[in-house]
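Enquirer: Hey, dropping model34.cif in here, mmCIF, C-alpha atoms:
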```
data_protein
#
loop_
_atom_site.group_PDB
_atom_site.id
_atom_site.type_symbol
_atom_site.label_atom_id
_atom_site.label_comp_id
_atom_site.auth_asym_id
_atom_site.auth_seq_id
_atom_site.Cartn_x
_atom_site.Cartn_y
_atom_site.Cartn_z
ATOM 1 C CA MET A 1 -8.300 13.304 39.112
ATOM 2 C CA ASN A 2 -10.173 15.877 37.067
ATOM 3 C CA ASN A 3 -10.100 16.094 33.285
ATOM 4 C CA GLU A 4 -7.852 19.164 33.136
ATOM 5 C CA SER A 5 -5.107 17.629 35.274
ATOM 6 C CA GLU A 6 -5.407 14.361 33.331
ATOM 7 C CA MET A 7 -4.801 16.217 30.059
ATOM 8 C CA THR A 8 -1.816 18.231 31.254
ATOM 9 C CA GLY A 9 -0.411 16.254 34.155
ATOM 10 C CA LYS A 10 1.514 13.039 34.557
ATOM 11 C CA PHE A 11 -0.876 11.082 32.331
ATOM 12 C CA GLY A 12 -1.367 13.752 29.671
ATOM 13 C CA ILE A 13 -0.349 14.368 26.120
ATOM 14 C CA GLY A 14 3.234 13.178 26.627
ATOM 15 C CA SER A 15 2.151 9.677 27.603
ATOM 16 C CA LEU A 16 -0.270 9.625 24.670
ATOM 17 C CA PHE A 17 2.554 10.351 22.234
ATOM 18 C CA THR A 18 4.808 7.822 23.966
ATOM 19 C CA SER A 19 2.100 5.212 23.421
ATOM 20 C CA ILE A 20 1.768 6.163 19.761
ATOM 21 C CA LEU A 21 5.536 6.067 19.235
ATOM 22 C CA SER A 22 5.642 2.606 20.801
ATOM 23 C CA GLY A 23 2.976 1.406 18.381
ATOM 24 C CA LEU A 24 4.801 2.956 15.430
ATOM 25 C CA ALA A 25 8.061 1.324 16.542
ATOM 26 C CA LEU A 26 6.347 -2.070 16.709
ATOM 27 C CA THR A 27 4.925 -1.521 13.225
ATOM 28 C CA LEU A 28 8.349 -0.608 11.827
ATOM 29 C CA ILE A 29 9.907 -3.716 13.373
ATOM 30 C CA LEU A 30 7.181 -5.898 11.878
ATOM 31 C CA PHE A 31 7.625 -4.205 8.480
ATOM 32 C CA PHE A 32 11.364 -4.875 8.648
ATOM 33 C CA ILE A 33 10.762 -8.547 9.465
ATOM 34 C CA THR A 34 8.320 -8.722 6.546
ATOM 35 C CA ALA A 35 10.894 -7.203 4.186
ATOM 36 C CA VAL A 36 13.531 -9.703 5.295
ATOM 37 C CA LEU A 37 11.123 -12.609 4.808
ATOM 38 C CA ILE A 38 10.153 -11.415 1.337
ATOM 39 C CA CYS A 39 13.811 -10.970 0.315
ATOM 40 C CA PHE A 40 15.078 -14.312 1.586
ATOM 41 C CA THR A 41 12.097 -16.632 1.125
ATOM 42 C CA PRO A 42 9.811 -17.433 -1.812
ATOM 43 C CA LEU A 43 6.902 -15.455 -0.300
ATOM 44 C CA GLY A 44 5.052 -13.282 -2.803
ATOM 45 C CA SER A 45 3.472 -9.855 -2.761
ATOM 46 C CA GLY A 46 0.232 -11.318 -1.408
ATOM 47 C CA PHE A 47 2.073 -12.043 1.818
ATOM 48 C CA SER A 48 3.373 -8.488 2.053
ATOM 49 C CA GLU A 49 -0.131 -7.003 1.810
ATOM 50 C CA ILE A 50 -1.399 -9.215 4.617
ATOM 51 C CA ALA A 51 1.716 -8.611 6.736
ATOM 52 C CA VAL A 52 1.407 -4.827 6.343
ATOM 53 C CA LEU A 53 -2.245 -4.951 7.396
ATOM 54 C CA ILE A 54 -1.480 -7.143 10.424
ATOM 55 C CA GLY A 55 1.499 -4.977 11.410
ATOM 56 C CA THR A 56 -0.559 -1.803 11.200
ATOM 57 C CA VAL A 57 -3.465 -3.238 13.189
ATOM 58 C CA LEU A 58 -1.092 -4.527 15.887
ATOM 59 C CA GLY A 59 0.649 -1.144 16.065
ATOM 60 C CA ILE A 60 -2.655 0.690 16.486
ATOM 61 C CA PHE A 61 -3.885 -1.831 19.061
ATOM 62 C CA VAL A 62 -0.669 -1.525 21.093
ATOM 63 C CA SER A 63 -0.881 2.282 20.946
ATOM 64 C CA GLY A 64 -4.431 2.140 22.274
ATOM 65 C CA PHE A 65 -3.549 -0.491 24.877
ATOM 66 C CA LEU A 66 -0.646 1.521 26.282
ATOM 67 C CA SER A 67 -2.615 4.751 26.191
ATOM 68 C CA GLY A 68 -5.581 3.191 27.993
ATOM 69 C CA ALA A 69 -3.369 1.423 30.528
ATOM 70 C CA LYS A 70 -2.016 4.782 31.713
ATOM 71 C CA ARG A 71 -5.476 6.126 32.550
ATOM 72 C CA ASN A 72 -7.850 5.726 35.444
ATOM 73 C CA SER A 73 -10.934 6.078 33.237
ATOM 74 C CA SER A 74 -12.050 6.446 29.619
ATOM 75 C CA GLY A 75 -9.585 3.904 28.261
ATOM 76 C CA TRP A 76 -11.696 3.525 25.126
ATOM 77 C CA LEU A 77 -11.501 7.263 24.446
ATOM 78 C CA TRP A 78 -7.750 7.556 24.976
ATOM 79 C CA GLY A 79 -7.162 4.397 22.964
ATOM 80 C CA GLY A 80 -9.357 5.758 20.185
ATOM 81 C CA ILE A 81 -7.485 9.061 20.191
ATOM 82 C CA ALA A 82 -4.196 7.173 19.977
ATOM 83 C CA GLY A 83 -5.595 5.237 17.016
ATOM 84 C CA LEU A 84 -6.720 8.442 15.306
ATOM 85 C CA VAL A 85 -3.333 10.107 15.680
ATOM 86 C CA TYR A 86 -1.585 6.935 14.516
ATOM 87 C CA ALA A 87 -3.813 6.821 11.402
ATOM 88 C CA LEU A 88 -3.148 10.482 10.644
ATOM 89 C CA ILE A 89 0.611 9.911 10.892
ATOM 90 C CA MET A 90 0.377 6.933 8.542
ATOM 91 C CA PHE A 91 -1.842 8.936 6.161
ATOM 92 C CA ALA A 92 0.687 11.786 6.120
ATOM 93 C CA ALA A 93 3.430 9.305 5.215
ATOM 94 C CA SER A 94 1.198 7.881 2.489
ATOM 95 C CA ALA A 95 0.398 11.367 1.156
ATOM 96 C CA PHE A 96 4.108 12.185 1.068
ATOM 97 C CA HIS A 97 4.563 9.312 -1.363
ATOM 98 C CA GLY A 98 1.526 10.372 -3.420
ATOM 99 C CA ASN A 99 -0.606 7.391 -2.423
ATOM 100 C CA ALA A 100 -3.436 9.063 -0.505
ATOM 101 C CA SER A 101 -7.143 9.666 -1.023
ATOM 102 C CA LEU A 102 -9.959 11.091 1.074
ATOM 103 C CA SER A 103 -11.948 7.841 1.057
ATOM 104 C CA LYS A 104 -8.857 5.939 2.205
ATOM 105 C CA LEU A 105 -8.384 8.482 5.008
ATOM 106 C CA LEU A 106 -11.971 8.175 6.239
ATOM 107 C CA ILE A 107 -11.888 4.387 6.295
ATOM 108 C CA SER A 108 -8.470 4.327 7.965
ATOM 109 C CA VAL A 109 -9.450 6.823 10.653
ATOM 110 C CA ALA A 110 -12.659 4.968 11.510
ATOM 111 C CA ALA A 111 -10.913 1.593 11.645
ATOM 112 C CA ALA A 112 -7.997 3.023 13.655
ATOM 113 C CA PHE A 113 -10.351 4.587 16.204
ATOM 114 C CA ILE A 114 -12.172 1.287 16.703
ATOM 115 C CA CYS A 115 -8.954 -0.735 16.949
ATOM 116 C CA GLY A 116 -7.325 1.807 19.290
ATOM 117 C CA ALA A 117 -10.463 1.952 21.448
ATOM 118 C CA ALA A 118 -10.461 -1.852 21.751
ATOM 119 C CA GLY A 119 -6.823 -1.700 22.853
ATOM 120 C CA GLY A 120 -7.637 1.072 25.331
ATOM 121 C CA ILE A 121 -10.500 -0.929 26.843
ATOM 122 C CA LEU A 122 -8.249 -3.942 27.276
ATOM 123 C CA GLY A 123 -5.396 -1.811 28.604
ATOM 124 C CA ILE A 124 -7.419 -0.060 31.281
ATOM 125 C CA ASN A 125 -9.127 -3.277 32.415
ATOM 126 C CA LEU A 126 -6.090 -5.574 32.437
ATOM 127 C CA LEU A 127 -3.792 -3.141 34.176
ATOM 128 C CA LYS A 128 -6.170 -1.595 36.728
ATOM 129 C CA LYS A 129 -4.393 -0.236 39.745
#
```
What is this structure when it is put down as structure tokens?
Expert:
Amino acid sequence: MNNESEMTGKFGIGSLFTSILSGLALTLILFFITAVLICFTPLGSGFSEIAVLIGTVLGIFVSGFLSGAKRNSSGWLWGGIAGLVYALIMFAASAFHGNASLSKLLISVAAAFICGAAGGILGINLLKK
């Protein structure tokens, strides 16, 4: 399969966004569980910071994993791209609430690419056809 057909065909941009949406859905579910735990248990704000970080990392990893699993090659690249897009979506949400900075964006994008790439590598190697 050549690069052009991979970008526009069955395994193209649509599957990339499906992977990202799956990761975002997982993150939202984990955030909801965190909110319920904080409301109904004596857990403090320290727990929420850790839970948000873990939920975000898992969401990015799952996005990269699913994106890489749908490819025949370059799982790291597709996973990294999924991580980048995920980070940009999260940054846009953060900017909407007035809690964004350029340094935060650069760190988030770099970390998201690495985490997504790791998921993509695992996805392509565990689910080889």
Enquirer: Expand the PyMOL selection byres ((chain A and resi 9-25) around 10) into the individual residues it matches in the shown file, reporting them as a PyMOL selection string.
Expert: chain A and resi 1+3-8+26-31+55-72+78-79+81-86+89-90
Enquirer: Fewer than 2 positions away in the same chain doesn't count, so skip those; otherwise give me all residues within 8 Å of Val109 (chain A), counting all atoms listed in the file, as number ranges by chain.
Expert: A: 83-84, 87-88, 105-107, 111-113
Enquirer: With distances taken over all atoms listed in the file, which of A:Ala93, A:Leu77, A:Cys39, A:Cys115 is nearest to Ile54 (chain A)?
Expert: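 Smallest distance to Ile54 (chain A) is found for A:Cys115.
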Enquirer: Give me, please, the distance in Å between CA of Ala51 (chain A) and CA of Ala118 (chain A), quoted to one decimal.
Expert: 20.5 Å
Enquirer: What does the distance from CA of Ala110 (chain A) to CA of Ile124 (chain A) come to in Å, to one decimal?
Expert: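 Separating CA of Ala110 (chain A) from CA of Ile124 (chain A) is a distance of 21.1 Å.
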Enquirer: Measure the distance from CA of Ser108 (chain A) to CA of Ile121 (chain A) in Å and round it to one decimal.
Expert: 19.7 Å
